[in-house]
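Presented below is the structure to which this report refers.
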Protein chains: 2
Amino acid sequence: MVETDKKRDVIIEGAIKRFIHYGINKTTMNEIAEDLSVSKPSLYYYFPDKSSLVLGVIEKIFNDYFELVNQVQSGNPSLEGCMTTLIEIRHRFFQKYYMMHLSGNTPDSSLNSEELKGHFIKMRTNNIQLHADIFQLAIDKGEIAPTEAYKTAELYLDSLAGITSLCIMHGNKELFPSKKEMKNILDRQLSLSAIFIKGLKQQ
Amino acid sequence: MVETDKKRDVIIEGAIKRFIHYGINKTTMNEIAEDLSVSKPSLYYYFPDKSSLVLGVIEKIFNDYFELVNQVQSGNPSLEGCMTTLIEIRHRFFQKYYMMHLSGNTPDSSLNSEELKGHFIKMRTNNIQLHADIFQLAIDKGEIAPTEAYKTAELYLDSLAGITSLCIMHGNKELFPSKKEMKNILDRQLSLSAIFIKGLKQQ
DNA sequence: TTTTGACCCTTCAAATGAAAAAGTCAGAAA
DNA sequence: TTTCTGACTTTTTCATTTGAAGGGTCAAAA
């Protein structure tokens, strides 16, 4: 079983390399197999179909994300610093996995299985809850005024995601946003975050 | 000339009726002509092509919008009240002209001429400037802390627009958002606006 | 248990062509 | 002269076809 899991991980790593560069749709099972110098049926021995492999990839990416994000809470004393770090982490992931369109907001044809959709919703909820917990802590500490932490976290994250979404849509219609656009997204998210959190404080 | 302008307006009104219901792409010049009981070449006598008619329509809609919006400034004493009213006005226009996809954020095939794009940019700038002026007034009155009014207005409007954009994308993929979704968009925009403006205040 | 070559079947993108819509024009009506 | 129209041409759009490519299977080998 350990051997099998290791092979699965190797395949997932190989798939990620292709996905990052070409996206999910433009990556074939054959290409992934060739990269790993195995045959296609070998892949199908470890994953029943492409969707399962994609799910495995996405699970891995989100695990990495949440692992990183869970360390932030403890290491950062102030709410502002905490949120700034979180934005930067998300931004790094967004940049790295841009071609996979993981934001879920894309009308992309790739990730449309019900299982994947469910998983995305779960990850989204996780993320909101994580932010809600941080907000709740700040409320308890008297750092910000009492509010519905979950609702507020949802609004906070959506407003940040909305900024990204608009910037991408307005930007030059290349398939990959430029360094400049990426920087702009980050800057505006940080600005909005600062104002938002200030708006949550007791007056 | 007055007669000609009147005829142009009649055509524009006729076009709007169709556009509101079917969108720009699904409305033909023939249909507009038939509605007005004239021939297609008559339309082309007043507008050199469909794009010009669309431009006329959009100019009219934005004129109506800015006319309404310009009255808000004077009638509303507080920044909060002013912004709430503005959100409600935008929301009414958004609902009414939803099928025309005027937000500009749509990868819709309709409004893609360079002239139209330029016009949209101008309208967007107008709108930001209008909000910036209101923010500047509030800064001068000491209602909120000093900031770059224009930049702030841009961030403010984009964060609100981003909320809309996300809600539409996540919603049921019908071509028209439900009453419930529309209400949700409005509520979240108002919540975000309240937090944002609180965040601009002097601490 | 794991791996493979050879194979099948579905999907998708380019090509085609017909229908519909945009746009034109000579001439009639006002 | 200005406004309007029927009949026309050109362009765009859209459903259909079709061939290649990619997802997925299986008997047999390692």
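Residues are referred to by chain and number: the chain letter is A, B, ... according to the order shown in the structure tokens, the number counts from 1 in that chain, and ligands are numbered separately from 1 in the order shown.
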request  = Using only C-alpha atoms, select each residue of chain A with any atom at most 7 Å away from an atom of chain B, and give the selection as number ranges by chain.
outcome  = A: 105, 158-159, 162-163, 165-166, 169-170, 195-200, 203
With a distance cut-off of 12 Å and only C-alpha atoms (C1' of nucleotides), select the neighbouring residues of DA26 (chain C), excluding the residue or stretch itself and same-chain residues fewer than 2 positions from it, and output the selection as a compact mmCIF listing (two decimals) with N, CA and C atoms (P, O5', C5', C4', C3', O3' and C1' of nucleotides), in the first residue's frame.
# COMPACT_ATOMS: atom_id res chain seq x y z
P DT C 24 -23.37 49.74 -46.13
O5' DT C 24 -24.12 49.45 -47.50
C5' DT C 24 -23.59 48.48 -48.39
C4' DT C 24 -24.31 48.55 -49.72
C3' DT C 24 -24.49 49.95 -50.31
O3' DT C 24 -24.06 49.88 -51.67
C1' DT C 24 -26.59 48.82 -50.21
P DA C 28 -39.32 55.32 -59.90
O5' DA C 28 -40.49 55.35 -58.82
C5' DA C 28 -40.80 54.17 -58.09
C4' DA C 28 -41.31 54.55 -56.71
C3' DA C 28 -42.35 55.67 -56.72
O3' DA C 28 -43.37 55.33 -55.81
C1' DA C 28 -40.53 56.29 -55.34
P DT D 5 -40.86 53.20 -44.94
O5' DT D 5 -40.57 52.41 -46.28
C5' DT D 5 -41.43 52.63 -47.42
C4' DT D 5 -40.89 51.88 -48.61
C3' DT D 5 -40.54 50.41 -48.34
O3' DT D 5 -41.41 49.60 -49.11
C1' DT D 5 -38.83 51.49 -49.60
P DG D 6 -41.65 48.09 -48.74
O5' DG D 6 -41.16 47.40 -50.11
C5' DG D 6 -41.64 47.87 -51.36
C4' DG D 6 -40.81 47.28 -52.50
C3' DG D 6 -40.61 45.78 -52.44
O3' DG D 6 -40.64 45.26 -53.78
C1' DG D 6 -38.49 46.86 -52.27
P DA D 7 -40.41 43.74 -54.10
O5' DA D 7 -38.87 43.70 -54.54
C5' DA D 7 -38.40 44.58 -55.57
C4' DA D 7 -36.89 44.44 -55.70
C3' DA D 7 -36.39 42.99 -55.68
O3' DA D 7 -35.42 42.82 -56.71
C1' DA D 7 -35.25 44.24 -54.06
P DC D 8 -34.81 41.37 -57.02
O5' DC D 8 -33.31 41.50 -56.48
C5' DC D 8 -32.44 42.45 -57.09
C4' DC D 8 -31.30 42.78 -56.14
C3' DC D 8 -30.40 41.61 -55.79
O3' DC D 8 -29.31 41.56 -56.71
C1' DC D 8 -30.76 43.11 -53.93
message = So that I can check the surroundings of DA14 (chain C), please list as a count of residues only every protein, DNA and RNA residue that reaches within 12 Å of it, counting only C-alpha atoms (C1' of nucleotides) and ignoring chain neighbours fewer than 4 positions away.
response = 4
Spatial neighbours of DT2 (chain D), 12 Å, only C-alpha atoms (C1' of nucleotides), chain gap at least 3 places, as an MDAnalysis selection string = (chainID B and resid 1 3:4 45) or (chainID C and resid 29:30)
Closest atom pairs, chain C residues within 9 Å of chain A, only C-alpha atoms (C1' of nucleotides), as JSON lines:
{"residue": "C:DT2", "atom": "C1'", "partner": "A:Ser42", "partner_atom": "CA", "distance": 8.0}
{"residue": "C:DT3", "atom": "C1'", "partner": "A:Ser42", "partner_atom": "CA", "distance": 6.2}
{"residue": "C:DT4", "atom": "C1'", "partner": "A:Ser39", "partner_atom": "CA", "distance": 6.6}
Take the selection from the previous step and output its residues with C-alpha atoms (C1' of nucleotides), as a PDB file, in the first residue's frame.
ATOM      1  C1'  DT C   2       2.061  -4.469 -11.881  1.00  0.00           C
ATOM      2  C1'  DT C   3       2.794  -3.252 -16.611  1.00  0.00           C
ATOM      3  C1'  DT C   4       2.066  -3.094 -21.602  1.00  0.00           C
TER       4       DT C   4
END
task = Return as a ChimeraX atom specification the full set of residues in region 4-202 of chain B whose backbone-based DSSP assignment is helix (DSSP H, G or I).
result = /B:4-22,29-35,40-46,50-75,79-96,98-100,114-140,149-170,179-200
Write a file of the selected residues as a compact mmCIF listing (two decimals), in the first residue's frame, keeping C-alpha atoms.
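Okay, out04.txt is ready:
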# COMPACT_ATOMS: atom_id res chain seq x y z
CA THR B 4 -34.34 64.06 -37.38
CA ASP B 5 -33.20 63.90 -33.76
CA LYS B 6 -36.73 63.02 -32.70
CA LYS B 7 -36.84 60.14 -35.17
CA ARG B 8 -33.45 58.97 -33.94
CA ASP B 9 -34.80 58.92 -30.41
CA VAL B 10 -37.84 56.93 -31.45
CA ILE B 11 -35.58 54.34 -33.06
CA ILE B 12 -33.36 54.23 -29.99
CA GLU B 13 -36.38 53.69 -27.75
CA GLY B 14 -37.58 50.89 -30.00
CA ALA B 15 -34.17 49.29 -29.99
CA ILE B 16 -33.95 49.48 -26.19
CA LYS B 17 -37.24 47.62 -25.83
CA ARG B 18 -35.86 44.71 -27.86
CA PHE B 19 -32.39 44.88 -26.31
CA ILE B 20 -33.76 44.72 -22.76
CA HIS B 21 -35.68 41.57 -23.58
CA TYR B 22 -33.46 39.70 -26.03
CA MET B 29 -32.31 45.42 -37.47
CA ASN B 30 -35.33 43.95 -39.23
CA GLU B 31 -37.09 43.32 -35.93
CA ILE B 32 -36.46 46.85 -34.75
CA ALA B 33 -37.77 48.19 -38.06
CA GLU B 34 -40.88 46.01 -37.95
CA ASP B 35 -41.64 47.09 -34.38
CA LYS B 40 -34.83 48.52 -42.60
CA PRO B 41 -33.26 51.10 -44.92
CA SER B 42 -35.07 53.78 -42.91
CA LEU B 43 -33.08 52.72 -39.89
CA TYR B 44 -29.92 52.93 -41.95
CA TYR B 45 -30.92 56.42 -43.00
CA TYR B 46 -30.62 57.54 -39.37
CA LYS B 50 -25.92 48.66 -36.11
CA SER B 51 -22.95 49.68 -33.98
CA SER B 52 -23.98 53.32 -34.25
CA LEU B 53 -27.48 52.45 -33.10
CA VAL B 54 -26.06 50.47 -30.19
CA LEU B 55 -23.83 53.40 -29.33
CA GLY B 56 -26.86 55.69 -29.40
CA VAL B 57 -28.70 53.34 -27.07
CA ILE B 58 -25.80 53.11 -24.67
CA GLU B 59 -25.31 56.87 -24.68
CA LYS B 60 -28.96 57.31 -23.78
CA ILE B 61 -28.81 54.78 -20.95
CA PHE B 62 -25.68 56.32 -19.46
CA ASN B 63 -27.14 59.81 -19.79
CA ASP B 64 -30.16 58.65 -17.82
CA TYR B 65 -27.85 57.09 -15.25
CA PHE B 66 -25.65 60.14 -14.78
CA GLU B 67 -28.64 62.46 -14.68
CA LEU B 68 -30.09 60.46 -11.80
CA VAL B 69 -26.76 60.12 -10.08
CA ASN B 70 -25.90 63.80 -10.24
CA GLN B 71 -28.95 64.62 -8.13
CA VAL B 72 -27.83 62.30 -5.34
CA GLN B 73 -24.85 64.34 -4.23
CA SER B 74 -26.89 67.40 -3.25
CA GLY B 75 -29.85 65.59 -1.68
CA LEU B 79 -21.46 59.83 2.83
CA GLU B 80 -23.12 56.57 3.86
CA GLY B 81 -26.56 57.66 2.69
CA CYS B 82 -25.13 58.97 -0.54
CA MET B 83 -23.34 55.72 -1.33
CA THR B 84 -26.35 53.61 -0.39
CA THR B 85 -28.50 55.57 -2.80
CA LEU B 86 -25.88 55.22 -5.52
CA ILE B 87 -25.71 51.46 -5.03
CA GLU B 88 -29.47 51.23 -5.31
CA ILE B 89 -29.49 53.28 -8.51
CA ARG B 90 -26.78 51.13 -10.07
CA HIS B 91 -28.67 48.06 -8.99
CA ARG B 92 -31.86 49.21 -10.70
CA PHE B 93 -29.95 49.91 -13.90
CA PHE B 94 -28.12 46.61 -13.64
CA GLN B 95 -31.40 44.74 -13.32
CA LYS B 96 -33.18 46.66 -16.03
CA TYR B 98 -29.00 43.08 -17.51
CA MET B 99 -29.54 41.46 -20.93
CA MET B 100 -27.38 44.11 -22.55
CA GLU B 114 -13.18 49.99 -30.64
CA GLU B 115 -15.52 52.97 -30.52
CA LEU B 116 -17.79 51.27 -28.00
CA LYS B 117 -14.88 50.13 -25.88
CA GLY B 118 -13.61 53.70 -25.77
CA HIS B 119 -17.03 54.92 -24.76
CA PHE B 120 -17.23 52.37 -21.97
CA ILE B 121 -13.86 53.46 -20.64
CA LYS B 122 -15.08 57.05 -20.68
CA MET B 123 -18.27 56.17 -18.82
CA ARG B 124 -16.28 54.17 -16.29
CA THR B 125 -13.90 57.07 -15.73
CA ASN B 126 -16.85 59.45 -15.36
CA ASN B 127 -18.36 57.18 -12.76
CA ILE B 128 -15.14 56.82 -10.79
CA GLN B 129 -14.60 60.59 -10.91
CA LEU B 130 -18.12 61.20 -9.67
CA HIS B 131 -17.53 58.91 -6.71
CA ALA B 132 -14.07 60.39 -6.17
CA ASP B 133 -15.65 63.85 -5.94
CA ILE B 134 -18.02 62.62 -3.25
CA PHE B 135 -15.14 61.05 -1.36
CA GLN B 136 -13.11 64.27 -1.72
CA LEU B 137 -16.00 66.26 -0.30
CA ALA B 138 -16.15 63.91 2.67
CA ILE B 139 -12.40 64.28 3.13
CA ASP B 140 -12.70 68.07 3.05
CA ALA B 149 -9.88 60.04 -3.71
CA TYR B 150 -9.73 58.71 -7.27
CA LYS B 151 -7.77 55.57 -6.42
CA THR B 152 -10.09 54.91 -3.50
CA ALA B 153 -13.20 55.39 -5.61
CA GLU B 154 -11.80 52.98 -8.18
CA LEU B 155 -11.10 50.34 -5.54
CA TYR B 156 -14.50 50.93 -3.98
CA LEU B 157 -16.39 50.52 -7.25
CA ASP B 158 -14.34 47.54 -8.37
CA SER B 159 -14.86 45.72 -5.10
CA LEU B 160 -18.62 46.22 -5.46
CA ALA B 161 -18.55 45.19 -9.11
CA GLY B 162 -16.45 42.17 -8.17
CA ILE B 163 -19.14 41.01 -5.76
CA THR B 164 -21.71 41.20 -8.54
CA SER B 165 -19.44 39.43 -10.96
CA LEU B 166 -18.78 36.54 -8.55
CA CYS B 167 -22.45 36.19 -7.60
CA ILE B 168 -23.46 35.98 -11.25
CA MET B 169 -20.75 33.43 -12.04
CA HIS B 170 -21.58 31.22 -9.06
CA LYS B 179 -34.85 37.66 -7.84
CA LYS B 180 -33.18 35.98 -4.89
CA GLU B 181 -29.70 36.28 -6.39
CA MET B 182 -30.35 39.91 -7.27
CA LYS B 183 -31.41 40.63 -3.70
CA ASN B 184 -28.30 38.85 -2.44
CA ILE B 185 -26.04 40.96 -4.67
CA LEU B 186 -27.65 44.17 -3.40
CA ASP B 187 -27.40 43.11 0.25
CA ARG B 188 -23.76 42.12 -0.02
CA GLN B 189 -22.88 45.32 -1.88
CA LEU B 190 -24.52 47.35 0.88
CA SER B 191 -22.69 45.36 3.58
CA LEU B 192 -19.36 45.76 1.86
CA SER B 193 -19.98 49.44 1.23
CA ALA B 194 -20.78 50.03 4.92
CA ILE B 195 -17.57 48.31 6.04
CA PHE B 196 -15.50 50.03 3.35
CA ILE B 197 -16.71 53.50 4.27
CA LYS B 198 -16.25 52.82 7.97
CA GLY B 199 -12.72 51.78 7.08
CA LEU B 200 -12.12 55.16 5.46
For DT9 (chain D): contacts at 12 Å, only C-alpha atoms (C1' of nucleotides), fewer than 4 positions along chain excluded, given as a list in words = DA22, DG23, DT24 and DC25 of chain C
Report as a Markdown table the residues of chain D within 10 Å of chain A, each with its shortest atom pair and distance in Å (one decimal), using only C-alpha atoms (C1' of nucleotides), ordered by chain and increasing residue number.
| residue | atom | partner | partner_atom | distance |
| --- | --- | --- | --- | --- |
| D:DA21 | C1' | A:Thr28 | CA | 9.8 |
| D:DG22 | C1' | A:Thr28 | CA | 6.7 |
| D:DG23 | C1' | A:Lys50 | CA | 7.9 |
| D:DG24 | C1' | A:Asp49 | CA | 7.5 |
| D:DT25 | C1' | A:Pro41 | CA | 8.8 |
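The space separating CA of Ser178 (chain B) from CA of His101 (chain B) comes to 15.8 Å.
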Separation of C1' of DT11 (chain D) from CA of Glu174 (chain A), in Å and rounded to one decimal = 27.8 Å
ask   = Hey, what's within 10 Å of region 16-18 of chain C if we count only C-alpha atoms (C1' of nucleotides) and toss same-chain stuff fewer than 4 positions away? As JSON, numbers by chain, please?
value = {"D": [14, 15, 16, 17]}
May I have the residues from that selection written out with N, CA and C atoms (P, O5', C5', C4', C3', O3' and C1' of nucleotides), as a JSON list (two decimals), in the first residue's frame?
[["chain", "number", "residue", "atom", "x", "y", "z"],
["D", 14, "DC", "P", -25.08, 32.46, -33.94],
["D", 14, "DC", "O5'", -25.59, 31.02, -34.44],
["D", 14, "DC", "C5'", -26.61, 30.95, -35.44],
["D", 14, "DC", "C4'", -26.61, 29.58, -36.05],
["D", 14, "DC", "C3'", -26.20, 28.47, -35.09],
["D", 14, "DC", "O3'", -27.10, 27.39, -35.20],
["D", 14, "DC", "C1'", -24.92, 28.35, -37.05],
["D", 15, "DA", "P", -27.30, 26.42, -33.91],
["D", 15, "DA", "O5'", -27.69, 25.03, -34.60],
["D", 15, "DA", "C5'", -28.63, 25.00, -35.66],
["D", 15, "DA", "C4'", -28.13, 24.08, -36.76],
["D", 15, "DA", "C3'", -27.81, 22.65, -36.30],
["D", 15, "DA", "O3'", -28.47, 21.75, -37.17],
["D", 15, "DA", "C1'", -25.95, 23.56, -37.46],
["D", 16, "DT", "P", -28.34, 20.18, -36.93],
["D", 16, "DT", "O5'", -27.18, 19.78, -37.94],
["D", 16, "DT", "C5'", -27.26, 20.19, -39.30],
["D", 16, "DT", "C4'", -26.13, 19.54, -40.08],
["D", 16, "DT", "C3'", -25.76, 18.13, -39.63],
["D", 16, "DT", "O3'", -25.73, 17.26, -40.77],
["D", 16, "DT", "C1'", -23.83, 19.52, -39.66],
["D", 17, "DT", "P", -25.42, 15.69, -40.62],
["D", 17, "DT", "O5'", -23.92, 15.63, -41.14],
["D", 17, "DT", "C5'", -23.58, 16.29, -42.36],
["D", 17, "DT", "C4'", -22.06, 16.34, -42.51],
["D", 17, "DT", "C3'", -21.35, 14.98, -42.34],
["D", 17, "DT", "O3'", -20.57, 14.74, -43.51],
["D", 17, "DT", "C1'", -20.29, 16.67, -41.05]]
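As for CA of Lys26 (chain B) and C1' of DT13 (chain D), they are spaced 11.4 Å apart.
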